[in-house]
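Engineer: Submitted below is the structure of interest, expressed as structure tokens.
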Amino acid sequence: MTEHVLKAQNLTVERGGQKVLSDVSFAIDEGEVFALLGGNGAGKSTTLLTFLGFLAPSSGEAFVQGQKASENTRHVRQQSAYLPESANLYPHLNARENLRYFLSLAGVKRSEAEVEAALDDVSLRNDARGARLETYSKGMRQKVAIALAILREAPILFLDEPTSGLDPVAIDEFNTLITKMSEGGTTVLMVTHDVYGACQVAGRIGLLRRGQFVGAFEAPEGGQISPDEVHAAFAREHQQ
Amino acid sequence: MNAAFLVAADEWRFWLRSKLGLAAIILALLVTVTSLVANASRISAAAESRAQLQAVAEETFKNQPARHPHRMVHYGHYVFRAPAPLAVVDPGVDPYTGTVMFLEGHHQNSATFAPFFSAAQAGVFARLTPAMTYQVLIPLVLIIVGFASLAREREGGTDRQLLTSGLAPCDLWLGKVLALAGLGGLLLLPLAFVSIQALSMGEGAGAVSAFLLGYAVYLLIWALLIAAVSAGSRQASGALLTLMSLWLLFCVVAPPFAASVATASAPMASKIETDLAVAKALRTAGDGHNANDPAFNRLRSNLFEQYGVDRVEDLPVNFRGVVAEAAEADLTDTMNSFADETMQAEMAQSSIQQALSFISPQLAVRHFSMSLAGTDLRQHHRFLHEAENARFDFVQGLNRVHAEELSYDADINRNASAEAGQRARVSAENWRVLNAFSFEPAPAGQRLASATPYLFVLAVWTALCAFVGISRAKDRAEAADA
Amino acid sequence: MPSLKNELWLASRDRLVQATVLVAFVLSAVAVIVGLNTSHQQRMLIERVDAAVAEDRAYVLAQQSDPGGAAYYAYHFTYDPPSPLAFAAQGTRGSLPWKHRVRMLALEGQIYEADTGNPELAMGGRLDFAFVVAVLVPIFLIVLLYDGQAGERRGRRFELLVATDQQGGLFALRAILRAGLLFAAVGAPFLLGAVISGAGLGGTLTVLGALGLNVVFWAVCCAFVALRLSSGPTVAATLIGLWLTLALAVPTAGKLLVEGTIPVPVGGELLLTQREAVNDAWDLPKEATMKPFVEHHPEWAPYADISLGFEWKWYYAFQQVGDQTVEDQSKALREGIAARDRMMGTVALLSPTLLSERLISQAAETDVAAYQAYERCVRDFHRELRMFHYPMLFETKPFSQEAMAELPSFTPCTQ
């Protein structure tokens, strides 16, 4: 039996003396897209930051390719690309310069053609690519950050509210992109409060509420999870 | 206006609740009080010691035994510079100028023993005088407390809420200015307390109130500047950076920069060169010790004519004394013209430095404070002038005693024998020619007049900062509406 | 380590880095140029005054017919020329004398003359290289480093940067790089100045070492504070507080402590005593002067009888005796100043600002020790003058214009 790529085992995290995650467990296999859904303060971002090794669990553990995330942060960060919530790259650099800088920081070399192809993938307007990011709209900045995540070509992708700020057309394009990447073997853990977006791309969805895992949905073979079902569960949990 | 007060009150509450704001205010009060107490005790100790030495010097002079009067001319006298009452706040150039001057015939000495001479050398910043505290440190405290005043509202988006709920943009700005100015006013209280003490030391009420007004305006400039920068900044950290840069420029870089520019653009001859020039100019003048010097031939013939005699022995006055008096007068004229040149050169340097008040309000308030406290270069020159007058008076007083109280016959035979030497003396009564010397700063009116231009410069700064602040506050409101 | 080239490229695009490094460079260059100019002016002045004093001496000596008058009117110019590194730190040369015109009269009456120029300029300090290093460099470093991490957090890049940085140590590298850039920007003008003025390697390295020390100290402080506090303004305010403490509070408190612990004689009293001693001599029996004089100079005992009302040898004897009466006070004053300086050196260990300032002015030979060395030099020269004049005054050697040609001439002492 192959190892899970990502696994949360009784994960409990405290921040400022308060439990923000308690006893959360789930596992994600290679090529799978897993979405964590939850309202404000449910602990979604905390989960991502724990997998990335920024936060140490007070009990339980987050495993990445079988290794403890809190102990092998270097390994985790080598194997993953991270798209933070409303990512701001450097406002005084243009899209190409930002990508070049961050790729070099990641120690990967990509040709100019590859960079342009990634920007094509996120459909960033050609004429905007040479302009400083401070002139960009929120959505355009998000596209550059997505391009960076793609260009990393990492086996694991951590996405924090990836579609926030994107217009509906761009959201569709993004979802197609993620599906394509997962088909190519990339494992994706995304956190979001966008029920419909999550249902479109995720093979499985986990529901978080106040740091606790309160439900899971799985897509039928060849189909999608029903947004209505998830929405109903979401609303039910929220009322409690 | 009422709204502005509400904004100000809210700002105060924010400071008191944030650790940084409260810490800064307490620290600032502590530093101002410490510097005031430390400086006041230092200045009063110096004043006491100098007054005492002055009394000793006068006592010793008057208690000299009967002597040849010219001996007393060379015996000389000391004058000490007493610090001005407001030196308790701003000692100005006091640590850098000599405090003692030796007065004697035929020479103008420079003031020696500046407090700096034997002080422990700890850099320019080790003089935590109250003036420096208020001119340099308090603005920094205001910056730390107030840099975020408007930028914070913008960062948090709270200004939009305030403006959409009907607050006028100018009221928001004015409220923040009022809050900062109020803090400045609070920090001015210790200064006011000590300045009022200066009243009891003989300072005029007008000078003291103008002095406080100047500092109040200066702190108001900073309050306006901080609000203006904060209003124009999108982020609090940007405002802090800009304000820190301005502070560095105005308070840290400008003073030594101004001094360097002044030195480089108006170089001065050294004292030695001036002394040499005096000596050279005097080569043709007669030696007052030698009555037979041909330079005094005219003086002699004039006297012969006046008294109708044709031998110096027959003159009713001692010709040697007359010569000494005339020679001293000529010599003093020459020395004074050179001394005036030196002082003018120094004033030229200082005026370059003063002109740079337009690049830094700190330079403006520094000159304002020193001129009003009577601790600036002008006052030091005043001391030099008064000391020179004292020198000239006692030397000429002695020369007149020489001319009138000592016979020519006894005088020229003074080295013949011990008894002859005794005969060539005048009684100690004559040493009363010495007037008591007490240096006091120029009258308050005069100091006010010389300080007023700086007040004008400060007013320009105030207007400029207020204008920039208001227009930025309005621009912001428009940007927030958009 | 992340790629240095990449970070250098990023730093070169950062407006804050550009502006700070440029301002640091310009101020350092201005300080060096002003310093070099000041040293040049001082050398010119020395040359000019030396010639003028010599001309004056030649003029008055030609008119003298006795050794007493020759000794009385002949002035000598003494000076402490600026060292090659003096451009880097004005030090005590701004407010303590480095030139005196002296003659055979009592030295204590001459050596405290201060010819230091405009006091309003002295109080402003000088924009010299030492000031840039000690006072401004910490501020520049705070500006460059305070927001290193907090700024990235605020820009929501922090996690992304750390997660992307494969080798780790990104922020350390950035801090080191910026500190290095500042070191280069401030150090380069100085190095050029040192080469122009022909400074020795040791001194040059000491000054650069002081700069390096200050840079490292403040970079470490910034890193330490930035790691513990997450908001940029709080980091900056804390660092500014630290700077105020080390640059202002410690020197001020240290100065108070040192001056309170080590008293020095009041200069005014010393002058009064000395003047009294010299003037009282006129009215005292001649033996009262000659006795203490020959105690110091037994070789003149056989010639110490004064028979006339006025004799030059007696006149100069009481000048020397005047110096002798305040010798203890004068020594105590000098030792007090030296002791204060030594203690200040200990205090400086608590303040990198003070320490770097002291190190630089030490290397530049513009510190208290250099001033005192110059004062010793003047005292030695004055002794030499006395040794030259006494044989003629005590008539063991005939006075002549030719003999006066042998008059000692002042040469500056080297430390």
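Please note that chains go A, B, ... in the order of the structure tokens, that every chain numbers its residues from 1, and that ligands are numbered from 1 in the order shown.
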Need to verify the contact set: Asn109 (chain B), 12 Å, only C-alpha atoms, exclusion of same-chain residues closer than 3 positions in sequence. Can you return it as a PyMOL selection string?

Structural biologist: (chain B and resi 76-79+98+100-106+112+271-272+274-275+335-336+339+384-385+387-388+391) or (chain C and resi 109-110+112-115)

Engineer: Just write the chosen residues, C-alpha atoms, as a compact mmCIF listing (two decimals), in the first residue's frame.

Structural biologist:
# COMPACT_ATOMS: atom_id res chain seq x y z
CA GLY B 76 46.15 93.21 36.11
CA HIS B 77 42.74 91.98 37.07
CA TYR B 78 40.39 89.12 36.30
CA VAL B 79 36.80 89.20 35.19
CA GLY B 98 36.20 80.99 28.19
CA VAL B 100 37.78 83.94 32.85
CA MET B 101 39.57 86.83 31.29
CA PHE B 102 42.80 88.35 32.47
CA LEU B 103 42.82 92.12 32.07
CA GLU B 104 46.15 93.94 31.87
CA GLY B 105 47.72 96.93 30.23
CA HIS B 106 48.78 96.81 26.57
CA THR B 112 40.27 81.12 28.93
CA LYS B 271 43.78 84.78 17.02
CA ILE B 272 47.55 84.50 16.59
CA THR B 274 45.25 88.87 14.49
CA ASP B 275 47.71 89.43 17.33
CA MET B 335 43.44 96.60 19.16
CA ASN B 336 39.75 97.38 19.18
CA ALA B 339 38.94 92.87 17.70
CA LEU B 384 34.24 90.72 25.51
CA HIS B 385 33.27 94.37 25.00
CA ALA B 387 35.59 93.18 29.73
CA GLU B 388 37.55 95.43 27.38
CA ARG B 391 40.24 96.80 31.21
CA GLY C 109 49.89 82.20 31.89
CA GLN C 110 50.13 81.28 28.23
CA TYR C 112 45.52 77.98 28.56
CA GLU C 113 44.96 80.61 25.91
CA ALA C 114 42.34 79.19 23.62
CA ASP C 115 42.29 80.15 20.00

Engineer: Which of region 60-186 of chain C end up as strand (DSSP E or B) when DSSP is run on this backbone - answer as a count of residues only?

Structural biologist: 8

Engineer: So, counting only C-alpha atoms, which residue among C:Leu161, C:Leu36, C:Leu227, C:Val102 is closest to chain A?

Structural biologist: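 Among the listed residues, the smallest separation from chain A belongs to C:Leu161.
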
Engineer: Give me, as a PyMOL selection string, the residues of chain C touching chain B, with the criterion being at most 7 Å (counting only C-alpha atoms).

Structural biologist: chain C and resi 49+96+101+112-115+118-127+232-233+237+248+251-252+255+258-259+267-268+279+309-310+337+340-341+344+354

Engineer: Could you pull out all residues of chain A with a DSSP call of helix (DSSP H, G or I) and give them as a ChimeraX atom specification?

Structural biologist: /A:44-51,73-79,95-106,112-121,126-128,133-135,138-152,168-183,195-201,227-239

Engineer: Write to file, as a compact mmCIF listing (two decimals), in the first residue's frame, the residues of the selection just made, with C-alpha atoms.

Structural biologist:
# COMPACT_ATOMS: atom_id res chain seq x y z
CA LYS A 44 -8.42 26.50 7.44
CA SER A 45 -5.29 28.65 7.08
CA THR A 46 -3.93 27.18 10.31
CA THR A 47 -4.08 23.73 8.75
CA LEU A 48 -2.07 24.90 5.74
CA LEU A 49 0.51 26.71 7.86
CA THR A 50 0.92 23.60 9.99
CA PHE A 51 1.57 21.45 6.92
CA THR A 73 10.16 21.71 7.06
CA ARG A 74 12.93 21.78 4.52
CA HIS A 75 11.67 18.64 2.88
CA VAL A 76 8.08 19.91 2.94
CA ARG A 77 8.98 23.21 1.35
CA GLN A 78 11.05 21.52 -1.32
CA GLN A 79 8.20 19.27 -2.29
CA ALA A 95 5.24 40.12 -13.23
CA ARG A 96 8.26 38.67 -14.99
CA GLU A 97 10.69 40.13 -12.44
CA ASN A 98 8.63 38.78 -9.57
CA LEU A 99 8.56 35.31 -11.08
CA ARG A 100 12.25 35.38 -11.82
CA TYR A 101 13.04 36.43 -8.26
CA PHE A 102 10.84 33.86 -6.54
CA LEU A 103 11.90 31.03 -8.84
CA SER A 104 15.51 31.80 -8.18
CA LEU A 105 14.76 31.84 -4.46
CA ALA A 106 13.19 28.39 -4.87
CA GLU A 112 11.67 32.64 -20.56
CA ALA A 113 9.36 30.60 -22.75
CA GLU A 114 8.20 28.55 -19.77
CA VAL A 115 7.52 31.71 -17.79
CA GLU A 116 5.49 33.19 -20.65
CA ALA A 117 3.61 29.91 -21.01
CA ALA A 118 2.67 29.95 -17.32
CA LEU A 119 1.46 33.54 -17.64
CA ASP A 120 -0.53 32.42 -20.68
CA ASP A 121 -2.01 29.61 -18.58
CA ASN A 126 0.46 40.30 -22.42
CA ASP A 127 0.74 44.07 -22.20
CA ALA A 128 0.50 44.01 -18.40
CA LEU A 133 2.46 44.93 -9.69
CA GLU A 134 1.43 48.07 -7.79
CA THR A 135 -0.59 48.97 -10.91
CA LYS A 138 -6.26 42.19 -7.02
CA GLY A 139 -7.18 39.49 -9.51
CA MET A 140 -4.17 40.19 -11.72
CA ARG A 141 -1.86 39.90 -8.74
CA GLN A 142 -3.49 36.60 -7.83
CA LYS A 143 -2.83 35.35 -11.37
CA VAL A 144 0.87 36.05 -11.04
CA ALA A 145 0.96 34.17 -7.74
CA ILE A 146 -0.82 31.24 -9.37
CA ALA A 147 1.68 31.31 -12.23
CA LEU A 148 4.43 31.08 -9.67
CA ALA A 149 2.81 28.05 -8.03
CA ILE A 150 2.52 26.37 -11.43
CA LEU A 151 6.08 27.14 -12.41
CA ARG A 152 7.42 25.57 -9.27
CA PRO A 168 -15.90 34.24 -12.92
CA VAL A 169 -14.08 33.57 -16.20
CA ALA A 170 -10.73 33.43 -14.44
CA ILE A 171 -12.18 31.13 -11.76
CA ASP A 172 -13.26 28.68 -14.43
CA GLU A 173 -9.86 28.82 -16.06
CA PHE A 174 -8.20 28.29 -12.71
CA ASN A 175 -10.34 25.30 -11.93
CA THR A 176 -9.50 23.75 -15.28
CA LEU A 177 -5.84 24.35 -14.57
CA ILE A 178 -6.01 22.62 -11.17
CA THR A 179 -7.85 19.67 -12.61
CA LYS A 180 -5.19 19.36 -15.32
CA MET A 181 -2.40 19.48 -12.74
CA SER A 182 -4.00 16.86 -10.53
CA GLU A 183 -4.36 14.64 -13.54
CA VAL A 195 -18.58 25.99 -1.83
CA TYR A 196 -19.24 25.98 -5.57
CA GLY A 197 -15.61 26.40 -6.56
CA ALA A 198 -14.58 23.60 -4.23
CA CYS A 199 -17.19 21.24 -5.62
CA GLN A 200 -15.97 21.96 -9.14
CA VAL A 201 -12.39 20.84 -8.59
CA PRO A 227 -22.85 21.83 -4.09
CA ASP A 228 -26.37 21.83 -2.69
CA GLU A 229 -25.56 18.98 -0.35
CA VAL A 230 -22.41 20.66 0.88
CA HIS A 231 -24.14 23.97 1.21
CA ALA A 232 -26.89 22.44 3.28
CA ALA A 233 -24.36 20.81 5.60
CA PHE A 234 -22.41 24.06 5.79
CA ALA A 235 -25.51 26.03 6.74
CA ARG A 236 -26.58 23.39 9.27
CA GLU A 237 -23.21 23.45 10.97
CA HIS A 238 -23.17 27.18 10.95
CA GLN A 239 -26.47 27.44 12.80
